[in-house]
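S.K.: My questions all concern the structure below.
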Amino acid sequence: MSMITLEKIVSFAKRRGFIGPSSEMYGGFESSYDYGFLGAELKNNIKKSWWKSMVQIRENIVGLDSAILMSPKIWQASGHLTAGFADPLVECKKCHHRFRKDHLKENKCPDCGGELTPEKKFNLMLKTFLGPVEDEAAITYLRAETCQGIYMNYEFMKDTMRLKIPFGIAQIGKAFRNEITPRYFIFKTREFEQMEMQYFVSPDDKEKDKWFEFWKKERMNWYLNLGIKKENLRFKEHEKDELAHYAKKAVDIEYKFPWGWGEIEGIHDRGDWDLFNHAKHSGRDLSYFDEAIKKKFIPHIIETSGGVERALLAFLIDAYQEVKGGRTKTTESVKEMEVVLKLHKDLAPIKVAVLPLVKNKKELVKKARQVYDLIKPHFMSQYDEAGAIGRRYRRQDEIGTPLTITIDFDSIKQDDLTIRDRDSMRQERVKIEKLVDYLCSLLK
Ligand code: GAP
């Protein structure tokens, strides 16, 4: 098997309709990508799976969908408009390329060897103007992290959902950062999605440590349970000088990308930074009265914060396998390398493909279409009659479809079909009347 490079993944993602460059007809737009049908499905499945594991199965965590555009006062209070949320920027005096100072190994431009300007702090907030007049009063910012919307709704959610500490509020949504050096495809972009959960706990150190360790484990298990290989994941603790302005303690979950280890999610002890500062700046009392111990305090926060695109890239790379041709035993496949995308069934964009053995036999096509109509309300399915059957199997393997159904001549007489498993390639005959229940048992 040859090496899996990022270039290979980028070209595969485009060729099979997962992800393509944005604004392509105008020459593209740096750091922006669009998700085709399969990419959008994969993204949705990641989000669904996160929501299920963080909200649906947890009695004390509720979900939220807050606004992207919020009062700029929030970003003042949260520390994002001050030095806390800025990267050190240097520019080459000769070629004018810009770099993050902390990413450079030497004091010369890595592109042309030119002299660099002194370091300037570059704020990452994406500024915009609301309304017709572009003056200071109209300035606001696209949110840089979704959790600020959670803090804004802390009281609303606590009161309406009758939440008692410890409890969590979870949200998935877009975030924006004016990154100086977007790179590695969808890994670091200026527009991305976050899946964040804020767990409100008592300030007691023992309690906090307990929940920090709990969420570290839970989040790592989420990636493992969705099929990422153990050897490609690790924890990386932040040194004191690496901590974000709000964090008291932080650990990253890192994935072994083709270019090296990279953060896919962070677990942070944010202390009382957020509620304390929002209480101070807004004049609202955000303290919590704990009936059990008859004490009032500002809750502390343990945060889990993952990126949808980074998770997607890790899932895609981890599932991508090149195998020697011949898996599907067709003449043309013997010569070529075949791609099999071994995505977890919960993430696979298409769950079931329906293929008539040949397309020029009316009864076969009719039966196959009936089967497709039967299953499509239950599972994201695809009907495909174009090309040789081996080629069609390969097309489904490439996009990670876990199950492929074939309708052959016996199907017409026996009212049954074969189901082929993507990974074991085992085939099983199943009666059509039992099909939906059977697929449910495999896919749900
Ligand atoms: N609320 C905490 C927070 O935002 P972060 O470590 O800055 O923490 C959390 O970001 C996650 O968001 C990262 O682990 C990553 O998955 C994702 N993320 C951050 N910046 C990103 C970017 N420029 N492009 C894509 N994903 C990004």
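In the structure tokens, the first chain shown is A, the next is B, and so on; residue numbers restart at 1 for each chain, and ligands run from 1 in the order shown.
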DSSP on the backbone: which residues in segment 29-77 of chain A end up as strand (DSSP E)? Give the answer as a ChimeraX atom specification.
M.R.: /A:33-35,61-64
S.K.: Name each residue within 8 Å of ligand 1, counting only C-alpha atoms and all ligand atoms, as an MDAnalysis selection string.
M.R.: chainID A and resid 144:148 176:179 182 186:196 244 252:253 263:266 268 303:311
S.K.: Find the spatial neighbours of Val358 of chain A, counting only C-alpha atoms, within a cut-off of 12 Å - ignore same-chain residues fewer than 5 positions away - and output them as a list in words.
M.R.: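 Contacts, in chain order: Glu363, Leu364, Val365, Lys366, Lys367, Ala368, Asp384, Glu385, Ala386, Gly387, Ala388, Ile389, Gly390, Arg392, Thr406, Ile407, Asp408 and Phe409 of chain A.
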S.K.: Those selected residues, please, written with N, CA and C atoms and delivered as a PDB file, in the first residue's frame.
M.R.:
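Dumped everything to out.pdb:
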ATOM      1  N   GLU A 363     -37.471  -6.557 -15.974  1.00  0.00           N
ATOM      2  CA  GLU A 363     -37.982  -7.071 -14.682  1.00  0.00           C
ATOM      3  C   GLU A 363     -36.989  -6.809 -13.545  1.00  0.00           C
ATOM      4  N   LEU A 364     -35.681  -6.910 -13.902  1.00  0.00           N
ATOM      5  CA  LEU A 364     -34.658  -6.688 -12.872  1.00  0.00           C
ATOM      6  C   LEU A 364     -34.679  -5.241 -12.387  1.00  0.00           C
ATOM      7  N   VAL A 365     -34.750  -4.327 -13.352  1.00  0.00           N
ATOM      8  CA  VAL A 365     -34.750  -2.907 -13.027  1.00  0.00           C
ATOM      9  C   VAL A 365     -35.985  -2.562 -12.198  1.00  0.00           C
ATOM     10  N   LYS A 366     -37.127  -3.141 -12.607  1.00  0.00           N
ATOM     11  CA  LYS A 366     -38.374  -2.858 -11.896  1.00  0.00           C
ATOM     12  C   LYS A 366     -38.275  -3.325 -10.430  1.00  0.00           C
ATOM     13  N   LYS A 367     -37.764  -4.538 -10.262  1.00  0.00           N
ATOM     14  CA  LYS A 367     -37.628  -5.092  -8.899  1.00  0.00           C
ATOM     15  C   LYS A 367     -36.657  -4.240  -8.068  1.00  0.00           C
ATOM     16  N   ALA A 368     -35.540  -3.881  -8.703  1.00  0.00           N
ATOM     17  CA  ALA A 368     -34.520  -3.095  -7.975  1.00  0.00           C
ATOM     18  C   ALA A 368     -35.094  -1.747  -7.551  1.00  0.00           C
ATOM     19  N   ASP A 384     -28.165   2.543  -8.404  1.00  0.00           N
ATOM     20  CA  ASP A 384     -27.147   2.702  -9.454  1.00  0.00           C
ATOM     21  C   ASP A 384     -27.239   1.535 -10.437  1.00  0.00           C
ATOM     22  N   GLU A 385     -27.486   1.870 -11.704  1.00  0.00           N
ATOM     23  CA  GLU A 385     -27.564   0.806 -12.725  1.00  0.00           C
ATOM     24  C   GLU A 385     -26.527   1.019 -13.822  1.00  0.00           C
ATOM     25  N   ALA A 386     -25.683   2.070 -13.669  1.00  0.00           N
ATOM     26  CA  ALA A 386     -24.783   2.433 -14.772  1.00  0.00           C
ATOM     27  C   ALA A 386     -23.434   1.733 -14.697  1.00  0.00           C
ATOM     28  N   GLY A 387     -23.153   0.880 -15.693  1.00  0.00           N
ATOM     29  CA  GLY A 387     -21.842   0.231 -15.783  1.00  0.00           C
ATOM     30  C   GLY A 387     -21.868  -1.198 -15.278  1.00  0.00           C
ATOM     31  N   ALA A 388     -20.716  -1.859 -15.426  1.00  0.00           N
ATOM     32  CA  ALA A 388     -20.622  -3.266 -15.020  1.00  0.00           C
ATOM     33  C   ALA A 388     -20.802  -3.366 -13.509  1.00  0.00           C
ATOM     34  N   ILE A 389     -21.307  -4.513 -13.064  1.00  0.00           N
ATOM     35  CA  ILE A 389     -21.630  -4.669 -11.634  1.00  0.00           C
ATOM     36  C   ILE A 389     -20.385  -4.498 -10.749  1.00  0.00           C
ATOM     37  N   GLY A 390     -19.238  -5.030 -11.212  1.00  0.00           N
ATOM     38  CA  GLY A 390     -17.995  -4.903 -10.433  1.00  0.00           C
ATOM     39  C   GLY A 390     -17.614  -3.453 -10.244  1.00  0.00           C
ATOM     40  N   ARG A 392     -19.601  -0.956 -10.256  1.00  0.00           N
ATOM     41  CA  ARG A 392     -20.560  -0.304  -9.351  1.00  0.00           C
ATOM     42  C   ARG A 392     -20.247  -0.629  -7.881  1.00  0.00           C
ATOM     43  N   THR A 406     -27.833  -6.431  -4.277  1.00  0.00           N
ATOM     44  CA  THR A 406     -27.912  -6.769  -5.707  1.00  0.00           C
ATOM     45  C   THR A 406     -29.184  -7.559  -5.983  1.00  0.00           C
ATOM     46  N   ILE A 407     -29.827  -7.155  -7.062  1.00  0.00           N
ATOM     47  CA  ILE A 407     -31.041  -7.858  -7.497  1.00  0.00           C
ATOM     48  C   ILE A 407     -30.640  -8.659  -8.731  1.00  0.00           C
ATOM     49  N   ASP A 408     -30.743  -9.999  -8.617  1.00  0.00           N
ATOM     50  CA  ASP A 408     -30.367 -10.829  -9.763  1.00  0.00           C
ATOM     51  C   ASP A 408     -31.602 -11.578 -10.275  1.00  0.00           C
ATOM     52  N   PHE A 409     -31.386 -12.513 -11.208  1.00  0.00           N
ATOM     53  CA  PHE A 409     -32.552 -13.189 -11.800  1.00  0.00           C
ATOM     54  C   PHE A 409     -33.309 -14.038 -10.791  1.00  0.00           C
TER      55      PHE A 409
END
S.K.: I want to know what sits within 10 Å of segment 159-164 of chain A, based on only C-alpha atoms, with residues of the same chain fewer than 2 positions away left out; could you give that as a list in words?
M.R.: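 The residues satisfying every condition are Asn60, Ile61, Val62, Asn153, Tyr154, Glu155, Phe156, Met157, Pro166, Phe167, Gly168, Ile169, Phe200, Val201, Tyr288, Phe289, Asp290 and Glu291 of chain A.
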S.K.: Selected residues, N, CA, C and O atoms, written as an mmCIF file, in the first residue's frame, please.
M.R.:
data_model
loop_
_atom_site.group_PDB
_atom_site.id
_atom_site.type_symbol
_atom_site.label_atom_id
_atom_site.label_comp_id
_atom_site.auth_asym_id
_atom_site.auth_seq_id
_atom_site.Cartn_x
_atom_site.Cartn_y
_atom_site.Cartn_z
ATOM 1 N N ASN A 60 -28.398 15.364 31.896
ATOM 2 C CA ASN A 60 -28.167 16.721 32.418
ATOM 3 C C ASN A 60 -27.453 17.633 31.414
ATOM 4 O O ASN A 60 -26.803 18.585 31.807
ATOM 5 N N ILE A 61 -27.555 17.301 30.127
ATOM 6 C CA ILE A 61 -26.984 18.201 29.111
ATOM 7 C C ILE A 61 -28.076 18.550 28.108
ATOM 8 O O ILE A 61 -28.784 17.671 27.614
ATOM 9 N N VAL A 62 -28.199 19.849 27.847
ATOM 10 C CA VAL A 62 -29.219 20.291 26.887
ATOM 11 C C VAL A 62 -28.555 20.993 25.714
ATOM 12 O O VAL A 62 -27.444 21.513 25.832
ATOM 13 N N ASN A 153 -26.620 32.457 27.268
ATOM 14 C CA ASN A 153 -27.884 31.766 27.550
ATOM 15 C C ASN A 153 -27.831 30.915 28.819
ATOM 16 O O ASN A 153 -28.718 30.104 29.056
ATOM 17 N N TYR A 154 -26.781 31.117 29.593
ATOM 18 C CA TYR A 154 -26.610 30.313 30.806
ATOM 19 C C TYR A 154 -27.846 30.402 31.729
ATOM 20 O O TYR A 154 -28.406 29.379 32.130
ATOM 21 N N GLU A 155 -28.293 31.628 31.997
ATOM 22 C CA GLU A 155 -29.440 31.785 32.915
ATOM 23 C C GLU A 155 -30.737 31.271 32.279
ATOM 24 O O GLU A 155 -31.531 30.592 32.917
ATOM 25 N N PHE A 156 -30.924 31.640 30.987
ATOM 26 C CA PHE A 156 -32.136 31.244 30.245
ATOM 27 C C PHE A 156 -32.288 29.714 30.237
ATOM 28 O O PHE A 156 -33.355 29.166 30.526
ATOM 29 N N MET A 157 -31.191 29.022 29.940
ATOM 30 C CA MET A 157 -31.248 27.559 29.869
ATOM 31 C C MET A 157 -31.411 26.949 31.260
ATOM 32 O O MET A 157 -32.190 26.017 31.447
ATOM 33 N N PRO A 166 -23.994 19.499 38.679
ATOM 34 C CA PRO A 166 -23.344 19.808 37.416
ATOM 35 C C PRO A 166 -24.291 19.603 36.225
ATOM 36 O O PRO A 166 -25.021 18.617 36.187
ATOM 37 N N PHE A 167 -24.241 20.537 35.268
ATOM 38 C CA PHE A 167 -25.036 20.362 34.048
ATOM 39 C C PHE A 167 -24.270 20.943 32.856
ATOM 40 O O PHE A 167 -23.302 21.695 33.040
ATOM 41 N N GLY A 168 -24.743 20.561 31.672
ATOM 42 C CA GLY A 168 -24.023 21.003 30.482
ATOM 43 C C GLY A 168 -24.952 21.643 29.465
ATOM 44 O O GLY A 168 -26.156 21.356 29.412
ATOM 45 N N ILE A 169 -24.386 22.545 28.658
ATOM 46 C CA ILE A 169 -25.106 23.117 27.509
ATOM 47 C C ILE A 169 -24.223 22.883 26.286
ATOM 48 O O ILE A 169 -23.018 23.170 26.321
ATOM 49 N N PHE A 200 -21.030 23.035 33.546
ATOM 50 C CA PHE A 200 -20.995 23.968 34.676
ATOM 51 C C PHE A 200 -20.872 23.172 35.977
ATOM 52 O O PHE A 200 -21.744 22.349 36.282
ATOM 53 N N VAL A 201 -19.786 23.421 36.696
ATOM 54 C CA VAL A 201 -19.510 22.619 37.898
ATOM 55 C C VAL A 201 -19.216 23.536 39.086
ATOM 56 O O VAL A 201 -18.993 24.734 38.918
ATOM 57 N N TYR A 288 -24.642 31.148 41.374
ATOM 58 C CA TYR A 288 -25.547 30.005 41.470
ATOM 59 C C TYR A 288 -25.679 29.635 42.940
ATOM 60 O O TYR A 288 -24.674 29.598 43.665
ATOM 61 N N PHE A 289 -26.903 29.373 43.381
ATOM 62 C CA PHE A 289 -27.072 28.950 44.770
ATOM 63 C C PHE A 289 -27.258 27.435 44.813
ATOM 64 O O PHE A 289 -28.192 26.894 44.247
ATOM 65 N N ASP A 290 -26.321 26.790 45.467
ATOM 66 C CA ASP A 290 -26.381 25.331 45.556
ATOM 67 C C ASP A 290 -27.170 24.940 46.811
ATOM 68 O O ASP A 290 -26.673 25.093 47.933
ATOM 69 N N GLU A 291 -28.389 24.441 46.585
ATOM 70 C CA GLU A 291 -29.283 24.074 47.700
ATOM 71 C C GLU A 291 -28.642 23.027 48.599
ATOM 72 O O GLU A 291 -28.773 23.086 49.827
#
S.K.: Tell me, counting only C-alpha atoms, for each residue of segment 5-110 of chain A within 8 Å of segment 273-284 of chain A, which pair of atoms is nearest and how far apart they are in Å to one decimal, in rows ordered by chain and increasing number, as CSV.
M.R.:
residue,atom,partner,partner_atom,distance
A:Ile74,CA,A:His278,CA,7.4
A:Ala77,CA,A:Asn277,CA,5.7
A:Ser78,CA,A:Asp274,CA,6.3
S.K.: Filtering to all heavy atoms, could you give me those residues as a CSV table (one decimal), in the first residue's frame?
M.R.:
chain,number,residue,atom,x,y,z
A,74,ILE,N,-19.8,41.5,24.2
A,74,ILE,CA,-19.5,40.1,24.6
A,74,ILE,C,-18.0,39.9,24.4
A,74,ILE,O,-17.3,39.3,25.2
A,74,ILE,CB,-20.3,39.1,23.8
A,74,ILE,CG1,-21.7,39.2,24.1
A,74,ILE,CG2,-19.7,37.7,24.0
A,74,ILE,CD1,-22.7,38.4,23.2
A,77,ALA,N,-15.8,41.7,26.8
A,77,ALA,CA,-15.8,41.0,28.2
A,77,ALA,C,-15.0,39.7,28.1
A,77,ALA,O,-14.3,39.4,29.1
A,77,ALA,CB,-17.2,40.8,28.6
A,78,SER,N,-15.1,39.0,27.0
A,78,SER,CA,-14.5,37.6,27.0
A,78,SER,C,-13.0,37.7,26.8
A,78,SER,O,-12.3,36.7,26.9
A,78,SER,CB,-15.1,36.8,25.9
A,78,SER,OG,-14.7,37.4,24.6
S.K.: Can you tell me, as a PyMOL selection string, what residues are no more than 8 Å from Ile9 of chain A when counting only C-alpha atoms, ignoring any on the same chain fewer than 4 positions away?
M.R.: chain A and resi 4-5+13+316-317
